[in-house]
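One structure is given here, and the rest of the page talks about it.
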Amino acid sequence: MISEILEMFGLIASLPKVENNMNNVENENIEWNKVKLFSDPGIIENLISWLNIETSDEENWSKTYSGKYIYEKWLSYYVLTFQQGGGTKVLIKLPIPSTEELINIVIDSKYENEVETGCLILIDNEEIYKTEFRLELITKLENITVQKRQQKIIEITNLTSNFNRREIIGKTINQISEDEKYFKDIAEKAKKINTAGNS
């Protein structure tokens, strides 16, 4: 959308011309108006140069942007800040996608960086807001046939881990056991997909 409008006004030949670590072939073929999530530093830096900063929250390391030439809103912030290195900066086209929308993006997007970014946001939301996504995601993964995509998503989201991510305080032993089984079942399904892909 940004590039199309700018090209209509004759302001640039194409957007963005990015030199970064991503696959250059993918960059050249990105339909920028269809991509909502970015975590590649080169692309983010290039895109925000075409946006206006509206707000800046230094405490939470987040900024909101608006388009200079068309009405679009964007948000940048850091995910996985609890990990070593301070986390990963992401840029999201607003409104913020729901969990279901994020899952659809990681399953269906044609762009690997958008898939990776969606996975990072899902696990960040799980860690910070306790937003569950694993059962819905593994169910959709079982119904696609692209093994490379399946394995990539499983690896980034660590679906093979059977760690109980639900609160245990105030629960009975039976409730805790049910929660543990919930995550164990998802992990087993993920391992089965990986095994099938490696056979």
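How things are named: the first chain in the structure tokens is A, the next is B, and so on; residues count from 1 in each chain; ligands count from 1 in the order shown.
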
Residues of stretch 25-115 of chain A that have any atom at most 12 Å from an atom of stretch 122-136 of chain A: could you tabulate them with the shortest-distance atom pair and the distance in Å to one decimal, using only C-alpha atoms, ordered by chain and increasing number, as CSV?
```
residue,atom,partner,partner_atom,distance
A:Tyr77,CA,A:Asp124,CA,11.4
A:Tyr78,CA,A:Asp124,CA,9.4
A:Val79,CA,A:Asp124,CA,5.8
A:Leu80,CA,A:Asp124,CA,5.5
A:Thr81,CA,A:Asp124,CA,8.5
A:Phe82,CA,A:Glu127,CA,9.0
A:Gln83,CA,A:Asp124,CA,10.3
A:Gly87,CA,A:Asp124,CA,9.9
A:Thr88,CA,A:Asp124,CA,10.3
A:Lys89,CA,A:Asp124,CA,11.8
A:Val90,CA,A:Asp124,CA,11.4
A:Ile96,CA,A:Asn125,CA,11.8
A:Pro97,CA,A:Leu122,CA,10.4
A:Ser98,CA,A:Leu122,CA,9.7
A:Thr99,CA,A:Phe133,CA,6.8
A:Glu100,CA,A:Phe133,CA,8.1
A:Glu101,CA,A:Leu122,CA,10.5
A:Leu102,CA,A:Leu122,CA,7.2
A:Ile103,CA,A:Phe133,CA,7.9
A:Asn104,CA,A:Glu136,CA,10.1
A:Ile105,CA,A:Leu122,CA,11.0
A:Val106,CA,A:Leu122,CA,9.7
A:Ile107,CA,A:Glu136,CA,11.3
A:Val115,CA,A:Leu122,CA,10.7
```

A:Ser49 environment, 10 Å, only C-alpha atoms, sequence neighbours closer than 3 positions dropped, as a PDB file with N, CA and C atoms, in the first residue's frame:
```pdb
ATOM      1  N   PRO A  16      10.560  -1.037  -0.146  1.00  0.00           N
ATOM      2  CA  PRO A  16      11.837  -0.423   0.184  1.00  0.00           C
ATOM      3  C   PRO A  16      12.957  -1.113  -0.575  1.00  0.00           C
ATOM      4  N   ILE A  44      12.469  -2.844   8.905  1.00  0.00           N
ATOM      5  CA  ILE A  44      11.835  -1.923   9.856  1.00  0.00           C
ATOM      6  C   ILE A  44      12.427  -0.527   9.714  1.00  0.00           C
ATOM      7  N   GLU A  45      13.737  -0.441   9.687  1.00  0.00           N
ATOM      8  CA  GLU A  45      14.393   0.865   9.568  1.00  0.00           C
ATOM      9  C   GLU A  45      13.969   1.581   8.295  1.00  0.00           C
ATOM     10  N   ASN A  46      13.861   0.821   7.209  1.00  0.00           N
ATOM     11  CA  ASN A  46      13.473   1.424   5.941  1.00  0.00           C
ATOM     12  C   ASN A  46      12.022   1.879   5.950  1.00  0.00           C
ATOM     13  N   ASN A  52       5.507   8.812  10.120  1.00  0.00           N
ATOM     14  CA  ASN A  52       5.647   9.866  11.122  1.00  0.00           C
ATOM     15  C   ASN A  52       5.453   9.282  12.512  1.00  0.00           C
ATOM     16  N   ILE A  53       6.328   9.641  13.447  1.00  0.00           N
ATOM     17  CA  ILE A  53       6.140   9.210  14.830  1.00  0.00           C
ATOM     18  C   ILE A  53       4.984   9.995  15.446  1.00  0.00           C
ATOM     19  N   GLY A  67       1.150   6.932   8.582  1.00  0.00           N
ATOM     20  CA  GLY A  67       1.690   7.089   7.244  1.00  0.00           C
ATOM     21  C   GLY A  67       1.803   8.556   6.862  1.00  0.00           C
ATOM     22  N   LYS A  68       2.856   8.872   6.113  1.00  0.00           N
ATOM     23  CA  LYS A  68       3.032  10.249   5.660  1.00  0.00           C
ATOM     24  C   LYS A  68       2.099  10.581   4.497  1.00  0.00           C
TER      25      LYS A  68
END
```

| field | 9 Å contact set for A:Gln147, only C-alpha atoms, chain neighbours under 4 positions out, as a list in words | value | Gln151, Lys152, Ile193, Asn194, Ala196, Gly197 and Asn198 of chain A

| field | Å distance separating atom CA of A:Trp74 from atom CA of A:Ser62, one decimal place | value |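 Between these atoms lies a distance of 10.6 Å.
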
| request: List every residue of stretch 14-173 of chain A that DSSP, applied to the backbone of this structure, assigns to strand (DSSP E or B), and report them as a list of chain:residue names. | output: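 The strand (DSSP E or B) residues within stretch 14-173 of chain A come out as A:Leu37, A:Phe38, A:Leu51, A:Asn52, A:Ile53, A:Glu54, A:Thr55, A:Ser56, A:Asp57, A:Ser62, A:Lys63, A:Thr64, A:Tyr65, A:Ser66, A:Gly67, A:Lys73, A:Trp74, A:Leu75, A:Ser76, A:Tyr77, A:Tyr78, A:Val79, A:Thr88, A:Lys89, A:Val90, A:Leu91, A:Ile92, A:Lys93.
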
| message | Please identify the helix (DSSP H, G or I) residues within chain A (assignment by DSSP from backbone atoms) and present them as a PyMOL selection string. | response | chain A and resi 2-8+24-29+32-34+41-48+99-108+112-129+134-141+147-157+173-198

| said: What's the separation between atom CA of A:Thr117 and atom CA of A:Arg166, in Å to one decimal place? | reply: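 So the answer is 23.5 Å.
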